[in-house]
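Comments concern the structure below.
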4 protein chains.
Amino acid sequence: MSTAAPVVDLNSDLGEGFGAWTLGDDEALLDVVTSANVACGFHAGDASIMRRVCAAAVERGVAIGAQVGYRDLAGFGRRAMAMEPRELTDEVLYQLGALDGLARVEGGRVSYLKPHGALYNTIVTDPEQAAAVVEAVCRYDSTLPVLGLPGSEFLRQAVAAGLTVVPEAFADRGYTVDGHLMSRRLPGAVLHDPDAIAARCVRIATEGTVDAHDGSTVPLAVRSICVHGDTAGAVAITQRVRAALLDAGVLVRPFTAAG
Amino acid sequence: MSTAAPVVDLNSDLGEGFGAWTLGDDEALLDVVTSANVACGFHAGDASIMRRVCAAAVERGVAIGAQVGYRDLAGFGRRAMAMEPRELTDEVLYQLGALDGLARVEGGRVSYLKPHGALYNTIVTDPEQAAAVVEAVCRYDSTLPVLGLPGSEFLRQAVAAGLTVVPEAFADRGYTVDGHLMSRRLPGAVLHDPDAIAARCVRIATEGTVDAHDGSTVPLAVRSICVHGDTAGAVAITQRVRAALLDAGVLVRPFTAAG
Amino acid sequence: MSTAAPVVDLNSDLGEGFGAWTLGDDEALLDVVTSANVACGFHAGDASIMRRVCAAAVERGVAIGAQVGYRDLAGFGRRAMAMEPRELTDEVLYQLGALDGLARVEGGRVSYLKPHGALYNTIVTDPEQAAAVVEAVCRYDSTLPVLGLPGSEFLRQAVAAGLTVVPEAFADRGYTVDGHLMSRRLPGAVLHDPDAIAARCVRIATEGTVDAHDGSTVPLAVRSICVHGDTAGAVAITQRVRAALLDAGVLVRPFTAAG
Amino acid sequence: MSTAAPVVDLNSDLGEGFGAWTLGDDEALLDVVTSANVACGFHAGDASIMRRVCAAAVERGVAIGAQVGYRDLAGFGRRAMAMEPRELTDEVLYQLGALDGLARVEGGRVSYLKPHGALYNTIVTDPEQAAAVVEAVCRYDSTLPVLGLPGSEFLRQAVAAGLTVVPEAFADRGYTVDGHLMSRRLPGAVLHDPDAIAARCVRIATEGTVDAHDGSTVPLAVRSICVHGDTAGAVAITQRVRAALLDAGVLVRPFTAAG
């Protein structure tokens, strides 16, 4: 048949423990996702965790991405920081290099970048910090795709700089009629029903649409869906999502791969 | 004439500030040395300092080395830590990758490794930690030379692993009749007279010998001399050393270069 | 009746999370133990966790102790560090003051000190670091008891300095015929059977003896027993221990209380 | 005579080194100022530095204040952080307790609080973070004065909470006709001439006025003047300021003292 099967990537935050502390079930999640956003040691992750996750990702053919964040272990990178752009560029480069070194030792390499937490949110709108992250990727390796929020300042600037951008959807977040994420303060902002989440992911992958909170259908063109794995329940939901996608004939593949 | 001129490298610790804190005059020192041991953020150094030092080193043709250390900002990496070897290997890899990324952005690259402070001292004798550092270099890039103390367990293991080793002398330290460094607790352990220091460096480079504390002449075959730059006086001494070497017809060059 | 009931304290490490990371079930454990060794932010714990644990401890009449450790978040304070004694004294004072401030805000106060992890182990034998910790307690408040290993250099020096010392037993560790802890490398070094652990704790509290690994009975005079709570199973075991002690007529009380 | 002599306090940031890194000449400055804002380890300072500064302050009768800041060693506390108020309250309490413990060991105590850097600036206008700092002081010791910017949200809330507030002037900053600090981006925002700075300080102390950048005279009622000491030149200027105040008959005294 001439019509290509729909393709989607499942990305998730991984390697977010630190020292004696663990967070999420990295091994279980790596069996389900196709792209691993690996924390690089500034807001979570340490050298041994990073290396272990890279080894496990390479083993499974999961793409390794640099989950870069603010230098804020105590706040898990969830607190916005008013940083000088140049300093932010340098810290992103540092994180990229550190992860890449560990990935290469395990036979992989950093193949994309995704900002974490408060940095992710800040560069949805902040042009200076967005430019700082884009600058880091351009300097480090301008062929690296960046994963981010559709319509964000970050992706706009990345496109303008000639980078490959990969817009993502969130499996368990409510959407407004404009295709934006609902504020977490509103009811319905976070979905909890595994079937509803799985069905939504299938719609996104096969039709490129999502049901907004008012029931209307909104276009949402993404190449990747972000899933969570920081609780046992979250892993189960992600397994459910993957199974539903496969059942619907969707190819679940890293966006870094051809196709 | 058929006899090749003697060649020596001058290496020094650089980029040892952190955030708002500075230590030493990196710019002045980079005009004098040929190899820069750049701190990688675990015991000193941050991303912006590392990048700035790399840029300045590349500009001057100074070789960039990874000055790796224990994760101990409060102790400047001067406190021995009982680490698991695997963990140490991973942290050395992390530091190597981080510096390499920043160096490459500035047109350079990490071209050797030198352990810092308590790690340097620990692996003079500790076989497990020595093996952990050697393992990191072998995994990262087995063509990278390592700089260390002649006769140390570290260099022994590095040789056994097939790495290129570069033994170093210390410009301002007293030596025993066995060619070892004198304990810092003994009188004469540290030299302060610029002329004496310069003369010693010339002897090391041209004759391969050093005067021990008892006046006897001891063989000391090294390809690099470590100089200090953390005070204004130290920079002046280093400038004096370099001038004396050049006056004596010694070629002052990175050991990473041919020749 | 003329015979006083036996009394024992149950102490446990608490507040060992950091930022987004949790470790153990503090609330559950506080319902069981009588003394809480609260991590002070250097190897684990942060200000909010410390305050929360203090509040919960005060509510339940659980004594608050300063669980002081090396400045080593990445290693959870489990890596020995070669620190200058003066520096160690200062860091112990810093931790004591920080926890005391938070405890007082919640209506409590630091009422004893117990070193953590590698520091605990180091000062079993190292006289300089032991002296440094003793010095800190003497300077901070010489009425504070210290909790430690029977026969340790730390407790010896604490006694010599006039401090109140509280030797402790470990609920789940094997003992040698000399009354020392068995090396963790040996079989039988860690007990797993809840009934055996509970029976042992009752023997310790009522008879002042423990069965050594060879079956012989060894005297063990302690006022406190250390229990673990970092896993769900560990909490259950601790509950079992407490119930067994109460059943045997033992008063389970902080050593800081009269009696 | 019936007229009381004017009184003023000179406060300065102190103890801002960390580990091997130094910043400013604490000893020289302690001979000149009357109140020492001692960094508490979150943005600068470590336990040994804190203790040393406290000892030197006690020796000279200089008041010890807690210079509390964001947890940001890499940024020296100069980067605004979007913190939860409760978390900020807890971190301020932690810093207060830590410094107080070290101060008491040296025969002193924390006798006021002054926020540092980005925290100082943030709570000039941010009501939530201002409330969080006020809450910490109220909980820790509601008799502690707080030092801050006249007209700031922080001092407004502190007054409302019943705290003693001490407004401060800056010796070397330009003022607008409204009595506000000039933006650092404008010419004239920072004064460099020692005589002009000294004369201004005398006017502030004796007349309660300052010359604005347009030459007009503006009322400025403060009980303390902030001076800098992070460079050799800065110490000299501060010495000049103190001498000029004494020459003018001004009593230079901590605000924590009677009078």
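Residue names in the structure tokens use chain letters A, B, ... in the order shown, residue numbers from 1 in each chain, and ligand numbers from 1 in the order shown.
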Next item on the list: Kindly provide, as a ChimeraX atom specification, the residues of chain A having any atom no farther than 8 Å from an atom of chain B, counting only C-alpha atoms.
Entry: /A:47-48,51,86-87,90-91,93-102,104-105,139-140
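For Thr176 of chain A, the set of protein, DNA and RNA residues having any atom at most 12 Å away, when counting only C-alpha atoms and skipping those fewer than 3 positions along the same chain, is Arg173, Gly179, His180, Leu181, Met182, Ser183, Arg184, Leu186, Gly188, Ala189, Val210, Asp211, Ala212, His213, Asp214, Gly215, Ser216, Thr217, Val218, Pro219 and Leu220 of chain A.
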Take the residues that were just selected and, keeping N, CA, C and O atoms, output them as a PDB file, in the first residue's frame.
ATOM      1  N   ARG A 173      -1.597  15.787  29.629  1.00  0.00           N
ATOM      2  CA  ARG A 173      -1.961  17.155  29.952  1.00  0.00           C
ATOM      3  C   ARG A 173      -3.176  17.605  29.143  1.00  0.00           C
ATOM      4  O   ARG A 173      -3.326  17.235  27.970  1.00  0.00           O
ATOM      5  N   GLY A 179      -4.754  25.038  21.452  1.00  0.00           N
ATOM      6  CA  GLY A 179      -3.674  24.057  21.342  1.00  0.00           C
ATOM      7  C   GLY A 179      -2.566  24.264  22.368  1.00  0.00           C
ATOM      8  O   GLY A 179      -1.493  23.683  22.247  1.00  0.00           O
ATOM      9  N   HIS A 180      -2.810  25.098  23.370  1.00  0.00           N
ATOM     10  CA  HIS A 180      -1.820  25.287  24.435  1.00  0.00           C
ATOM     11  C   HIS A 180      -2.107  24.353  25.602  1.00  0.00           C
ATOM     12  O   HIS A 180      -3.225  23.867  25.764  1.00  0.00           O
ATOM     13  N   LEU A 181      -1.097  24.158  26.451  1.00  0.00           N
ATOM     14  CA  LEU A 181      -1.303  23.378  27.663  1.00  0.00           C
ATOM     15  C   LEU A 181      -2.177  24.175  28.625  1.00  0.00           C
ATOM     16  O   LEU A 181      -2.004  25.383  28.784  1.00  0.00           O
ATOM     17  N   MET A 182      -3.114  23.492  29.273  1.00  0.00           N
ATOM     18  CA  MET A 182      -3.923  24.153  30.298  1.00  0.00           C
ATOM     19  C   MET A 182      -3.055  24.422  31.529  1.00  0.00           C
ATOM     20  O   MET A 182      -2.154  23.655  31.849  1.00  0.00           O
ATOM     21  N   SER A 183      -3.362  25.507  32.190  1.00  0.00           N
ATOM     22  CA  SER A 183      -2.666  25.802  33.441  1.00  0.00           C
ATOM     23  C   SER A 183      -2.913  24.667  34.428  1.00  0.00           C
ATOM     24  O   SER A 183      -4.024  24.150  34.533  1.00  0.00           O
ATOM     25  N   ARG A 184      -1.870  24.313  35.168  1.00  0.00           N
ATOM     26  CA  ARG A 184      -2.005  23.223  36.137  1.00  0.00           C
ATOM     27  C   ARG A 184      -2.994  23.550  37.254  1.00  0.00           C
ATOM     28  O   ARG A 184      -3.393  22.680  38.017  1.00  0.00           O
ATOM     29  N   LEU A 186      -5.989  24.621  36.770  1.00  0.00           N
ATOM     30  CA  LEU A 186      -7.367  24.382  36.345  1.00  0.00           C
ATOM     31  C   LEU A 186      -7.727  22.904  36.448  1.00  0.00           C
ATOM     32  O   LEU A 186      -6.873  22.031  36.265  1.00  0.00           O
ATOM     33  N   GLY A 188      -8.888  19.416  35.215  1.00  0.00           N
ATOM     34  CA  GLY A 188      -8.725  18.803  33.898  1.00  0.00           C
ATOM     35  C   GLY A 188      -7.356  19.050  33.287  1.00  0.00           C
ATOM     36  O   GLY A 188      -7.079  18.629  32.172  1.00  0.00           O
ATOM     37  N   ALA A 189      -6.481  19.744  34.015  1.00  0.00           N
ATOM     38  CA  ALA A 189      -5.156  20.051  33.462  1.00  0.00           C
ATOM     39  C   ALA A 189      -4.282  18.813  33.352  1.00  0.00           C
ATOM     40  O   ALA A 189      -3.393  18.737  32.514  1.00  0.00           O
ATOM     41  N   VAL A 210      -5.953  16.660  18.869  1.00  0.00           N
ATOM     42  CA  VAL A 210      -6.168  16.362  20.280  1.00  0.00           C
ATOM     43  C   VAL A 210      -7.508  16.981  20.688  1.00  0.00           C
ATOM     44  O   VAL A 210      -7.914  18.005  20.120  1.00  0.00           O
ATOM     45  N   ASP A 211      -8.192  16.339  21.617  1.00  0.00           N
ATOM     46  CA  ASP A 211      -9.433  16.923  22.107  1.00  0.00           C
ATOM     47  C   ASP A 211      -9.122  17.965  23.162  1.00  0.00           C
ATOM     48  O   ASP A 211      -8.477  17.659  24.177  1.00  0.00           O
ATOM     49  N   ALA A 212      -9.577  19.174  22.937  1.00  0.00           N
ATOM     50  CA  ALA A 212      -9.363  20.228  23.924  1.00  0.00           C
ATOM     51  C   ALA A 212     -10.316  20.011  25.100  1.00  0.00           C
ATOM     52  O   ALA A 212     -11.222  19.181  25.039  1.00  0.00           O
ATOM     53  N   HIS A 213     -10.108  20.770  26.178  1.00  0.00           N
ATOM     54  CA  HIS A 213     -10.883  20.576  27.412  1.00  0.00           C
ATOM     55  C   HIS A 213     -12.379  20.817  27.203  1.00  0.00           C
ATOM     56  O   HIS A 213     -13.208  20.320  27.950  1.00  0.00           O
ATOM     57  N   ASP A 214     -12.732  21.594  26.149  1.00  0.00           N
ATOM     58  CA  ASP A 214     -14.158  21.843  25.906  1.00  0.00           C
ATOM     59  C   ASP A 214     -14.749  20.831  24.930  1.00  0.00           C
ATOM     60  O   ASP A 214     -15.875  20.995  24.465  1.00  0.00           O
ATOM     61  N   GLY A 215     -13.958  19.824  24.561  1.00  0.00           N
ATOM     62  CA  GLY A 215     -14.472  18.783  23.675  1.00  0.00           C
ATOM     63  C   GLY A 215     -14.199  19.024  22.204  1.00  0.00           C
ATOM     64  O   GLY A 215     -14.353  18.124  21.381  1.00  0.00           O
ATOM     65  N   SER A 216     -13.770  20.236  21.875  1.00  0.00           N
ATOM     66  CA  SER A 216     -13.479  20.519  20.463  1.00  0.00           C
ATOM     67  C   SER A 216     -12.187  19.826  20.038  1.00  0.00           C
ATOM     68  O   SER A 216     -11.351  19.493  20.863  1.00  0.00           O
ATOM     69  N   THR A 217     -12.046  19.625  18.744  1.00  0.00           N
ATOM     70  CA  THR A 217     -10.861  18.956  18.214  1.00  0.00           C
ATOM     71  C   THR A 217      -9.873  19.993  17.707  1.00  0.00           C
ATOM     72  O   THR A 217     -10.229  20.871  16.923  1.00  0.00           O
ATOM     73  N   VAL A 218      -8.659  19.858  18.175  1.00  0.00           N
ATOM     74  CA  VAL A 218      -7.627  20.850  17.868  1.00  0.00           C
ATOM     75  C   VAL A 218      -6.476  20.172  17.141  1.00  0.00           C
ATOM     76  O   VAL A 218      -6.063  19.081  17.535  1.00  0.00           O
ATOM     77  N   PRO A 219      -5.960  20.787  16.079  1.00  0.00           N
ATOM     78  CA  PRO A 219      -4.805  20.189  15.398  1.00  0.00           C
ATOM     79  C   PRO A 219      -3.564  20.259  16.282  1.00  0.00           C
ATOM     80  O   PRO A 219      -3.354  21.251  16.984  1.00  0.00           O
ATOM     81  N   LEU A 220      -2.740  19.228  16.271  1.00  0.00           N
ATOM     82  CA  LEU A 220      -1.529  19.198  17.098  1.00  0.00           C
ATOM     83  C   LEU A 220      -0.489  18.358  16.352  1.00  0.00           C
ATOM     84  O   LEU A 220      -0.492  17.130  16.437  1.00  0.00           O
TER      85      LEU A 220
END
Next item on the list: Write out as a ChimeraX atom specification each polymer residue whose atoms come within 7 Å of Gln67 of chain D, counting only C-alpha atoms; drop sequence neighbours fewer than 5 positions from it.
Entry: /D:37-40,113-116
Note to self: Need to verify the contact set: Ala244 of chain C, 9 Å, only C-alpha atoms, exclusion of same-chain residues closer than 2 positions in sequence. Can you return it as a list in words?
What the structure shows: Asp195, Ala198, Ala199, Cys201, Val202, Gln239, Arg240, Val241, Arg242, Leu246, Asp247, Ala248, Gly249 and Val250 of chain C
Next item on the list: Write out as an NGL selection string which residues come within 10 Å of segment 13-25 of chain C when counting only C-alpha atoms, dropping same-chain ones fewer than 5 positions away.
Entry: (:A and (16-18 or 20-23 or 44 or 72-78)) or (:C and (30 or 33 or 35-41 or 43-54 or 64-67 or 73 or 76 or 114 or 116 or 226-232 or 234-235))
Next item on the list: List every residue of segment 69-210 of chain A that DSSP, applied to the backbone, labels as strand (DSSP E or B), and write the result as a list in words.
Entry: Met81, Val110, Ser111, Tyr112, Leu113, Lys114, Pro115, Val146, Leu147, Gly148, Val165, Val166, Pro167, Glu168, Ala169, Phe170, Arg173, Tyr175, Leu181, Val190, Thr209 and Val210 of chain A
Next item on the list: Within 7 Å of Ala82 of chain C, counting only C-alpha atoms, which residues show up once you throw out same-chain ones fewer than 6 positions away? Write them as an MDAnalysis selection string, please.
Entry: chainID B and resid 79:81
Item checked: Selection near Ile225 of chain C, 12 Å with only C-alpha atoms, sequence-local residues under 6 positions removed, as a ChimeraX atom specification -> /C:7-13,33-36,147-150,166-173,197-198,200-205,208,238,241-242,245,252-255
Notebook entry, point to check: Which one is closest to Ala131 of chain B: B:Ala158, B:Ala236, B:Val110, B:Ala243? Count only C-alpha atoms.
Noted result: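 Ranking B:Ala158, B:Ala236, B:Val110, B:Ala243 by distance to Ala131 of chain B, first place goes to B:Ala158.
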Margin query: Report, in Å with one decimal, the straight-line distance from atom CA of Leu144 of chain A to atom CA of Ala257 of chain A.
Written below: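 Calculated distance between atom CA of Leu144 of chain A and atom CA of Ala257 of chain A is 12.3 Å.
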Next item on the list: Go through segment 107-137 of chain C and collect every residue that DSSP, computed from the backbone, puts in alpha helix (DSSP H); the answer should be as a list in words.
Entry: Gly117, Ala118, Leu119, Tyr120, Asn121, Thr122, Ile123, Val124, Thr125, Pro127, Glu128, Gln129, Ala130, Ala131, Ala132, Val133, Val134, Glu135, Ala136 and Val137 of chain C
Please write the residues from the selection above to a file, keeping all heavy atoms, as a short mmCIF file (atom, residue, chain, number, x, y, z; two decimals), in the first residue's frame.
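Ended up saving to part.cif:
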data_model
loop_
_atom_site.label_atom_id
_atom_site.label_comp_id
_atom_site.auth_asym_id
_atom_site.auth_seq_id
_atom_site.Cartn_x
_atom_site.Cartn_y
_atom_site.Cartn_z
N GLY C 117 27.37 7.85 58.96
CA GLY C 117 28.09 7.21 57.86
C GLY C 117 29.59 7.11 58.03
O GLY C 117 30.10 6.54 59.01
N ALA C 118 30.32 7.67 57.04
CA ALA C 118 31.78 7.55 57.06
C ALA C 118 32.38 8.30 58.25
O ALA C 118 33.42 7.89 58.77
CB ALA C 118 32.36 8.08 55.76
N LEU C 119 31.73 9.36 58.69
CA LEU C 119 32.25 10.07 59.87
C LEU C 119 32.10 9.20 61.11
O LEU C 119 33.03 9.10 61.93
CB LEU C 119 31.51 11.41 60.04
CG LEU C 119 31.92 12.24 61.26
CD1 LEU C 119 33.41 12.57 61.24
CD2 LEU C 119 31.10 13.53 61.32
N TYR C 120 30.96 8.56 61.24
CA TYR C 120 30.73 7.61 62.36
C TYR C 120 31.83 6.56 62.38
O TYR C 120 32.44 6.30 63.43
CB TYR C 120 29.36 6.96 62.17
CG TYR C 120 28.91 6.08 63.32
CD1 TYR C 120 28.04 6.58 64.29
CD2 TYR C 120 29.30 4.75 63.43
CE1 TYR C 120 27.60 5.78 65.34
CE2 TYR C 120 28.87 3.96 64.48
CZ TYR C 120 28.02 4.47 65.44
OH TYR C 120 27.58 3.69 66.48
N ASN C 121 32.08 6.00 61.21
CA ASN C 121 33.08 4.93 61.13
C ASN C 121 34.50 5.44 61.35
O ASN C 121 35.31 4.79 62.01
CB ASN C 121 32.99 4.22 59.78
CG ASN C 121 31.68 3.46 59.65
OD1 ASN C 121 31.12 2.99 60.63
ND2 ASN C 121 31.16 3.38 58.44
N THR C 122 34.79 6.58 60.79
CA THR C 122 36.15 7.12 60.91
C THR C 122 36.52 7.36 62.37
O THR C 122 37.62 7.03 62.81
CB THR C 122 36.27 8.44 60.12
OG1 THR C 122 36.08 8.15 58.73
CG2 THR C 122 37.64 9.08 60.32
N ILE C 123 35.58 7.93 63.14
CA ILE C 123 35.95 8.29 64.51
C ILE C 123 35.81 7.12 65.48
O ILE C 123 36.01 7.29 66.68
CB ILE C 123 35.18 9.53 65.01
CG1 ILE C 123 33.69 9.28 65.06
CG2 ILE C 123 35.51 10.73 64.13
CD1 ILE C 123 32.90 10.50 65.56
N VAL C 124 35.51 5.95 64.97
CA VAL C 124 35.66 4.76 65.82
C VAL C 124 37.14 4.57 66.15
O VAL C 124 37.49 4.15 67.25
CB VAL C 124 35.10 3.51 65.10
CG1 VAL C 124 35.50 2.23 65.83
CG2 VAL C 124 33.56 3.60 65.01
N THR C 125 37.99 4.98 65.21
CA THR C 125 39.43 4.77 65.43
C THR C 125 40.30 6.02 65.27
O THR C 125 41.36 6.09 65.86
CB THR C 125 39.96 3.72 64.42
OG1 THR C 125 39.61 4.15 63.10
CG2 THR C 125 39.35 2.35 64.68
N PRO C 127 41.82 9.33 66.03
CA PRO C 127 41.78 10.21 67.20
C PRO C 127 41.61 11.69 66.86
O PRO C 127 40.97 12.42 67.61
CB PRO C 127 43.12 9.95 67.89
CG PRO C 127 44.00 9.32 66.86
CD PRO C 127 43.11 8.66 65.86
N GLU C 128 42.16 12.13 65.73
CA GLU C 128 42.07 13.57 65.40
C GLU C 128 40.65 13.97 65.03
O GLU C 128 40.14 14.99 65.49
CB GLU C 128 43.01 13.90 64.25
CG GLU C 128 44.48 13.78 64.63
CD GLU C 128 45.37 14.56 63.69
OE1 GLU C 128 44.90 14.90 62.59
OE2 GLU C 128 46.51 14.86 64.07
N GLN C 129 40.02 13.16 64.18
CA GLN C 129 38.64 13.51 63.79
C GLN C 129 37.69 13.29 64.98
O GLN C 129 36.74 14.06 65.16
CB GLN C 129 38.21 12.73 62.55
CG GLN C 129 38.99 13.18 61.30
CD GLN C 129 38.21 12.98 59.99
OE1 GLN C 129 37.03 12.65 60.00
NE2 GLN C 129 38.87 13.20 58.88
N ALA C 130 37.97 12.28 65.79
CA ALA C 130 37.14 12.07 66.98
C ALA C 130 37.23 13.30 67.89
O ALA C 130 36.21 13.82 68.37
CB ALA C 130 37.59 10.83 67.73
N ALA C 131 38.44 13.78 68.08
CA ALA C 131 38.64 14.97 68.93
C ALA C 131 37.92 16.17 68.35
O ALA C 131 37.37 17.01 69.08
CB ALA C 131 40.13 15.26 69.07
N ALA C 132 37.90 16.27 67.03
CA ALA C 132 37.26 17.41 66.39
C ALA C 132 35.75 17.42 66.65
O ALA C 132 35.16 18.48 66.88
CB ALA C 132 37.53 17.38 64.88
N VAL C 133 35.14 16.25 66.63
CA VAL C 133 33.70 16.18 66.87
C VAL C 133 33.41 16.45 68.36
O VAL C 133 32.48 17.20 68.70
CB VAL C 133 33.13 14.81 66.44
CG1 VAL C 133 31.64 14.73 66.76
CG2 VAL C 133 33.36 14.58 64.95
N VAL C 134 34.23 15.87 69.23
CA VAL C 134 34.06 16.12 70.67
C VAL C 134 34.20 17.61 70.98
O VAL C 134 33.40 18.20 71.72
CB VAL C 134 35.09 15.28 71.48
CG1 VAL C 134 35.13 15.73 72.94
CG2 VAL C 134 34.75 13.80 71.38
N GLU C 135 35.21 18.22 70.36
CA GLU C 135 35.43 19.66 70.55
C GLU C 135 34.19 20.48 70.16
O GLU C 135 33.80 21.42 70.84
CB GLU C 135 36.64 20.08 69.69
CG GLU C 135 36.79 21.55 69.41
CD GLU C 135 37.49 22.30 70.54
OE1 GLU C 135 37.85 21.64 71.54
OE2 GLU C 135 37.65 23.52 70.43
N ALA C 136 33.57 20.10 69.06
CA ALA C 136 32.39 20.83 68.60
C ALA C 136 31.27 20.75 69.64
O ALA C 136 30.63 21.75 69.96
CB ALA C 136 31.91 20.29 67.25
N VAL C 137 31.04 19.54 70.16
CA VAL C 137 29.96 19.39 71.15
C VAL C 137 30.29 20.17 72.42
O VAL C 137 29.44 20.88 72.96
CB VAL C 137 29.71 17.90 71.47
CG1 VAL C 137 28.59 17.75 72.50
CG2 VAL C 137 29.35 17.13 70.19
#
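The gap separating atom CA of Ile237 of chain B from atom CA of Ala56 of chain B is 21.0 Å, in Å to one decimal.
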